[in-house]
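Data block for structure-v3.txt (compact mmCIF, C-alpha atoms and all ligand atoms):
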# COMPACT_ATOMS: atom_id res chain seq x y z
CA MET A 1 -19.91 -19.19 1.64
CA ALA A 2 -18.60 -15.82 0.51
CA LEU A 3 -15.38 -14.44 1.94
CA THR A 4 -15.47 -10.83 3.05
CA VAL A 5 -12.38 -8.84 2.17
CA GLY A 6 -12.11 -5.39 3.71
CA VAL A 7 -10.08 -2.44 2.54
CA LEU A 8 -9.26 0.09 5.24
CA ALA A 9 -11.00 3.20 3.89
CA LEU A 10 -9.83 5.93 6.25
CA GLN A 11 -7.51 7.57 3.73
CA GLY A 12 -5.40 6.85 0.65
CA GLY A 13 -5.81 4.44 -2.24
CA PHE A 14 -8.67 2.27 -1.00
CA ALA A 15 -10.91 2.74 -4.07
CA GLU A 16 -8.11 1.58 -6.39
CA HIS A 17 -7.54 -1.54 -4.27
CA LEU A 18 -11.26 -2.34 -4.23
CA SER A 19 -11.39 -2.06 -8.01
CA CYS A 20 -8.37 -4.39 -8.47
CA LEU A 21 -9.72 -6.87 -5.91
CA ARG A 22 -13.07 -7.01 -7.72
CA LYS A 23 -11.35 -7.58 -11.07
CA ALA A 24 -9.13 -10.29 -9.56
CA ALA A 25 -12.04 -12.01 -7.79
CA ALA A 26 -13.77 -12.44 -11.15
CA HIS A 27 -11.01 -14.96 -12.02
CA LEU A 28 -11.69 -17.15 -8.98
CA GLU A 29 -14.41 -19.67 -8.23
CA VAL A 30 -14.90 -18.48 -4.67
CA LYS A 31 -17.40 -15.69 -3.99
CA PHE A 32 -16.12 -12.54 -2.31
CA ASN A 33 -17.70 -9.47 -0.74
CA MET A 34 -15.39 -6.50 -0.99
CA VAL A 35 -16.13 -3.89 1.66
CA GLU A 36 -14.81 -0.53 2.81
CA VAL A 37 -13.77 -0.60 6.47
CA ARG A 38 -14.13 2.52 8.64
CA THR A 39 -15.42 1.08 11.92
CA PRO A 40 -14.59 -1.79 14.29
CA GLU A 41 -18.00 -3.32 13.40
CA GLN A 42 -17.12 -3.40 9.70
CA LEU A 43 -13.70 -4.87 10.48
CA ALA A 44 -15.35 -7.63 12.52
CA THR A 45 -17.13 -8.89 9.37
CA CYS A 46 -13.85 -9.35 7.45
CA HIS A 47 -11.94 -12.53 6.72
CA ALA A 48 -9.01 -10.53 5.34
CA LEU A 49 -7.92 -6.92 5.03
CA VAL A 50 -5.95 -4.60 2.75
CA ILE A 51 -4.34 -1.48 4.20
CA PRO A 52 -3.71 0.91 1.31
CA GLY A 53 -1.02 3.46 0.68
CA GLY A 54 -1.54 7.06 1.62
CA GLU A 55 0.14 8.65 4.59
CA SER A 56 0.93 6.45 7.56
CA THR A 57 0.85 9.30 10.11
CA THR A 58 -2.66 10.25 8.95
CA LEU A 59 -3.77 6.62 8.82
CA SER A 60 -2.48 6.13 12.33
CA LEU A 61 -4.28 9.23 13.63
CA LEU A 62 -7.57 8.34 11.94
CA ALA A 63 -7.39 4.72 13.11
CA THR A 64 -6.86 5.92 16.67
CA GLN A 65 -9.71 8.45 16.45
CA SER A 66 -12.13 5.92 15.00
CA GLY A 67 -11.35 3.34 17.68
CA LEU A 68 -9.83 1.00 15.08
CA LEU A 69 -6.24 0.77 16.25
CA GLY A 70 -6.89 -1.86 18.94
CA PRO A 71 -9.26 -3.93 16.75
CA LEU A 72 -6.72 -3.75 13.88
CA ARG A 73 -3.94 -5.06 16.15
CA ASP A 74 -6.27 -7.82 17.30
CA PHE A 75 -7.19 -8.67 13.69
CA VAL A 76 -3.56 -8.91 12.58
CA LYS A 77 -1.70 -10.19 15.64
CA VAL A 78 -4.23 -12.13 17.69
CA LYS A 79 -6.79 -13.43 15.16
CA ARG A 80 -3.98 -13.51 12.60
CA LYS A 81 -6.17 -12.95 9.60
CA PRO A 82 -4.61 -12.38 6.17
CA THR A 83 -3.61 -8.74 5.90
CA TRP A 84 -1.79 -6.95 3.08
CA GLY A 85 -0.30 -3.49 3.42
CA THR A 86 0.93 -1.40 0.49
CA CYS A 87 3.35 1.48 1.12
CA ALA A 88 1.83 3.37 4.09
CA GLY A 89 -0.01 0.10 4.80
CA LEU A 90 3.34 -1.71 4.98
CA ILE A 91 4.57 0.94 7.42
CA MET A 92 1.47 0.38 9.60
CA LEU A 93 2.08 -3.38 9.60
CA SER A 94 5.74 -3.10 10.68
CA GLU A 95 6.79 -3.36 14.29
CA GLU A 96 9.07 -0.31 13.93
CA ALA A 97 9.48 2.63 11.59
CA SER A 98 12.49 4.89 11.22
CA SER A 99 12.17 8.49 10.07
CA ALA A 100 8.84 8.31 11.84
CA LYS A 101 6.88 11.36 12.88
CA ARG A 102 8.54 13.33 15.68
CA GLY A 103 7.27 11.88 18.93
CA GLY A 104 6.63 8.58 17.19
CA GLN A 105 3.60 7.22 15.42
CA GLU A 106 1.31 4.38 16.42
CA LEU A 107 1.69 1.26 14.28
CA ILE A 108 -0.36 -1.91 14.06
CA GLY A 109 2.66 -4.20 13.75
CA GLY A 110 2.70 -7.84 12.76
CA LEU A 111 5.89 -7.88 10.66
CA ASP A 112 9.08 -8.22 12.70
CA VAL A 113 10.85 -5.55 10.71
CA ARG A 114 11.81 -1.93 10.82
CA VAL A 115 10.84 0.08 7.77
CA HIS A 116 12.49 3.26 6.68
CA ARG A 117 9.87 5.80 5.61
CA ASN A 118 10.32 7.89 2.46
CA HIS A 119 13.44 5.90 1.65
CA PHE A 120 13.81 7.21 -1.90
CA GLY A 121 12.89 10.78 -1.06
CA ARG A 122 9.95 12.98 -1.88
CA GLN A 123 6.99 12.73 -4.24
CA LYS A 124 9.04 14.10 -7.15
CA GLU A 125 11.44 11.18 -6.74
CA SER A 126 8.64 8.69 -7.44
CA PHE A 127 9.48 6.05 -10.03
CA VAL A 128 8.19 2.95 -11.75
CA THR A 129 10.39 -0.07 -12.29
CA ASP A 130 9.84 -3.62 -13.48
CA LEU A 131 10.65 -6.40 -11.01
CA ASN A 132 10.56 -10.12 -11.50
CA LEU A 133 8.35 -11.34 -8.69
CA ALA A 134 8.76 -15.10 -8.69
CA PHE A 135 6.21 -15.65 -5.92
CA LEU A 136 3.54 -14.95 -8.52
CA ALA A 137 4.43 -18.39 -9.85
CA GLU A 138 2.10 -19.72 -7.16
CA SER A 139 -0.79 -18.54 -9.30
CA LEU A 140 0.80 -18.63 -12.74
CA THR A 141 1.61 -21.71 -14.72
CA ASP A 142 5.06 -20.69 -15.92
CA ALA A 143 6.84 -18.18 -13.72
CA MET A 144 9.77 -17.78 -16.04
CA ARG A 145 7.54 -16.61 -18.86
CA ALA A 146 5.54 -14.32 -16.59
CA PRO A 147 6.35 -10.75 -17.43
CA PRO A 148 8.00 -8.58 -14.80
CA PHE A 149 5.66 -6.60 -12.57
CA PRO A 150 5.46 -2.80 -13.00
CA CYS A 151 6.21 -1.54 -9.49
CA VAL A 152 5.16 2.03 -8.64
CA PHE A 153 7.16 3.63 -5.81
CA ILE A 154 5.77 6.85 -4.31
CA ARG A 155 7.49 8.18 -1.17
CA ALA A 156 8.01 4.50 -0.56
CA PRO A 157 9.40 2.76 2.50
CA VAL A 158 11.82 -0.16 2.37
CA VAL A 159 12.56 -2.72 5.04
CA ASP A 160 15.88 -1.59 6.48
CA LYS A 161 16.18 -3.99 9.40
CA LEU A 162 14.89 -7.43 10.23
CA LEU A 163 14.07 -7.59 13.93
CA ALA A 164 13.99 -11.36 14.08
CA ASP A 165 16.53 -13.91 12.94
CA ASN A 166 13.88 -16.29 11.65
CA VAL A 167 14.38 -15.37 8.04
CA GLU A 168 13.99 -17.75 5.12
CA GLU A 169 17.32 -18.30 3.43
CA THR A 170 17.34 -16.62 0.07
CA SER A 171 19.20 -17.63 -3.01
CA PRO A 172 19.77 -15.13 -5.79
CA GLU A 173 18.35 -16.22 -9.11
CA ASN A 174 21.13 -15.82 -11.67
CA GLY A 175 21.53 -12.17 -10.95
CA ALA A 176 17.82 -11.52 -11.27
CA ASP A 177 16.43 -8.72 -9.18
CA PHE A 178 14.31 -11.13 -7.23
CA GLN A 179 15.16 -13.80 -4.74
CA SER A 180 12.99 -16.82 -4.94
CA LEU A 181 11.82 -18.56 -1.83
CA PRO A 182 9.95 -21.72 -1.07
CA SER A 183 6.30 -21.55 -0.09
CA PRO A 184 5.61 -21.48 3.64
CA ALA A 185 6.19 -24.68 5.55
CA THR A 186 3.30 -27.07 5.42
CA ASN A 187 2.99 -27.08 9.18
CA ASN A 188 2.00 -23.50 8.47
CA GLN A 189 2.18 -21.47 11.59
CA THR A 190 -0.27 -18.66 11.22
CA LEU A 191 1.63 -16.61 13.79
CA ALA A 192 3.06 -13.36 12.60
CA GLN A 193 5.80 -13.24 15.20
CA GLY A 194 7.16 -16.75 15.34
CA SER A 195 6.68 -17.32 11.62
CA LYS A 196 9.55 -16.94 9.27
CA ILE A 197 10.03 -13.72 7.39
CA GLU A 198 10.01 -14.45 3.67
CA VAL A 199 11.65 -11.89 1.44
CA LEU A 200 9.54 -11.86 -1.72
CA GLY A 201 10.89 -8.91 -3.63
CA ILE A 202 14.24 -7.13 -3.81
CA LEU A 203 14.98 -3.90 -5.61
CA LEU A 204 18.58 -3.63 -6.75
CA GLY A 205 20.59 -0.66 -7.76
CA ARG A 206 18.30 2.13 -6.63
CA HIS A 207 19.93 4.13 -3.91
CA ALA A 208 18.38 6.03 -1.09
CA SER A 209 18.16 9.70 -1.90
CA ASN A 210 18.26 11.13 1.61
CA LYS A 211 20.75 11.27 4.46
CA ALA A 212 18.62 9.40 6.97
CA ALA A 213 18.32 6.57 4.48
CA ALA A 214 22.07 6.44 4.07
CA ALA A 215 22.43 6.25 7.86
CA ALA A 216 19.82 3.53 8.03
CA GLU A 217 21.74 1.67 5.37
CA THR A 218 24.85 1.54 7.52
CA ALA A 219 22.80 0.59 10.59
CA ARG A 220 21.28 -2.35 8.79
CA SER A 221 21.96 -5.37 10.98
CA VAL A 222 20.58 -8.26 8.98
CA SER A 223 20.24 -7.59 5.32
CA THR A 224 19.75 -9.40 2.11
CA LYS A 225 23.01 -10.51 0.59
CA GLY A 226 24.03 -7.85 -1.85
CA ASP A 227 22.90 -4.29 -1.95
CA GLY A 228 19.22 -4.69 -2.69
CA ASP A 229 16.32 -3.25 -0.74
CA ILE A 230 13.51 -5.44 0.51
CA VAL A 231 10.31 -4.22 -1.14
CA ALA A 232 7.99 -7.22 -0.69
CA LEU A 233 7.81 -9.68 2.18
CA ARG A 234 5.52 -12.00 4.06
CA GLN A 235 5.51 -13.21 7.64
CA GLY A 236 2.74 -15.66 8.45
CA ASN A 237 -0.57 -13.95 7.75
CA VAL A 238 0.98 -10.56 6.98
CA PHE A 239 2.08 -9.50 3.49
CA GLY A 240 3.64 -6.17 2.63
CA THR A 241 4.71 -4.33 -0.51
CA SER A 242 6.57 -1.01 -0.66
CA PHE A 243 5.06 -0.32 -4.07
CA HIS A 244 1.50 0.18 -5.35
CA PRO A 245 0.08 -2.66 -7.50
CA GLU A 246 -3.35 -1.00 -7.27
CA LEU A 247 -2.08 1.89 -9.41
CA THR A 248 -1.40 -0.40 -12.37
CA GLU A 249 -3.60 -2.39 -14.72
CA ASP A 250 -1.80 -5.53 -13.57
CA ILE A 251 -3.96 -7.50 -11.13
CA ARG A 252 -1.61 -10.46 -10.63
CA ILE A 253 -0.62 -9.57 -7.06
CA HIS A 254 -4.26 -9.01 -6.07
CA LEU A 255 -5.12 -12.37 -7.61
CA TRP A 256 -2.23 -14.10 -5.83
CA TRP A 257 -3.19 -12.54 -2.50
CA LEU A 258 -6.88 -13.49 -2.85
CA GLU A 259 -5.71 -17.06 -3.44
CA GLN A 260 -3.75 -16.84 -0.18
CA VAL A 261 -6.93 -15.61 1.51
CA VAL A 262 -8.85 -18.60 0.16
CA HIS A 263 -6.14 -21.02 1.39
CA ALA A 264 -6.12 -19.39 4.84
CA SER A 265 -9.91 -19.72 5.06
CA MET A 266 -9.67 -23.46 4.45
CA LYS A 267 -7.38 -24.13 7.42
N1 LIG X 1 2.61 6.22 -1.02
C1 LIG X 1 2.62 6.06 0.28
O1 LIG X 1 1.83 5.30 0.84
C2 LIG X 1 3.64 6.85 1.02
C3 LIG X 1 3.81 6.49 2.46
C4 LIG X 1 4.39 7.66 3.23
N2 LIG X 1 5.76 7.88 2.94
C5 LIG X 1 4.18 7.42 4.71
O2 LIG X 1 5.04 7.56 5.50
O3 LIG X 1 3.10 7.09 5.08
Produce structure tokens that represent the structure in this file.
Amino acid sequence: MALTVGVLALQGGFAEHLSCLRKAAAHLEVKFNMVEVRTPEQLATCHALVIPGGESTTLSLLATQSGLLGPLRDFVKVKRKPTWGTCAGLIMLSEEASSAKRGGQELIGGLDVRVHRNHFGRQKESFVTDLNLAFLAESLTDAMRAPPFPCVFIRAPVVDKLLADNVEETSPENGADFQSLPSPATNNQTLAQGSKIEVLGILLGRHASNKAAAAAETARSVSTKGDGDIVALRQGNVFGTSFHPELTEDIRIHLWWLEQVVHASMK
């Protein structure tokens, strides 16, 4: 049986994600159909979904107009299918967003976190930085020899508050900029809320470049130990990255996530 993986194609970097997913799928035994999702009917065919970067206020508006907001919430929070959001996609998958559009913006939710939009400032403050993402060890034979991942941050959000106290304990790895965590418990709750939040990527030493971010920083209630920002996390079926793996030649995160999709389909 082929697994159908959808990419929400309302706006933003969906074509880049589709291309990376197709390249990654070529490394796996399982057959995949990669499809663009613009309607509730297309979403209903999907076993898993990627929500790309772009602009979360636009995504939210277009999802509402196309009747997808309710079906997306159902997909993520009721059916609890594997869903990955990058950048604006991560914002959509968070329960709360700060520096949101005036009057608020509709989110899908699924991650018990608050994200801070545009944490590092405007487009011109975009940057690329290498992070050691130890979770990729799940699909690589020797994590320590795996090269760091080139992370592209464009008007990126970070997680500035954890809304639940069910967080996996983290232990810094010899000063590395990543905190390694065990794989999910084998009793594997597929709940988003109710599952532990796993912090999978921390960015150290890059400070917020706007006032709201500085305020959010002081308001942070539960944070990682140290001064890092959470830029990758998972809670149950929901995975989020602040950065854009689809804008690099490196398909390791797409490969890792497709493997998670395969595992979820076998439950
Ligand atoms: N590259 C991106 O996806 C940027 C996200 C954007 N800051 C937003 O609020 O949606």
Go through the chains and note each residue within 10 Å of ligand LIG 1 (chain X), using only C-alpha atoms and all ligand atoms, then give the set as a ChimeraX atom specification. /A:12-13,51-60,85-92,97-101,115-123,126,152-157,242-244
Using only C-alpha atoms, can you list as a PyMOL selection string the residues within 12 Å of (3.0, -11.2, 1.9)? chain A and resi 50+82-86+90+93+110-111+133+135-136+183-184+192+196-201+231-242+253-254+256-261
Please measure the separation of atom CA of A:Thr248 and atom CA of A:Pro150, giving the value in Å to one decimal. 7.3 Å
Could you work out how far atom CA of A:Cys20 lies from atom CA of A:Pro147, giving the answer in Å with one decimal?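 Pair atom CA of A:Pro147 / atom CA of A:Cys20 returns 18.4 Å.
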Best match for closeness to A:His263 among A:Ala15, A:Leu247, A:Leu68, A:Ala48, counting only C-alpha atoms: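 So, comparing all the options, the nearest one is A:Ala48.
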Separating atom CA of A:Gly228 from atom CA of A:Val158, to the nearest tenth of an Å, is a gap of 10.0 Å
Tell me which protein, DNA and RNA residues are within 10 Å of A:Leu61, counting all atoms listed in the file, leaving out same-chain ones fewer than 3 positions away, and put them as a PyMOL selection string. chain A and resi 10+56-58+64-66+69+105-107
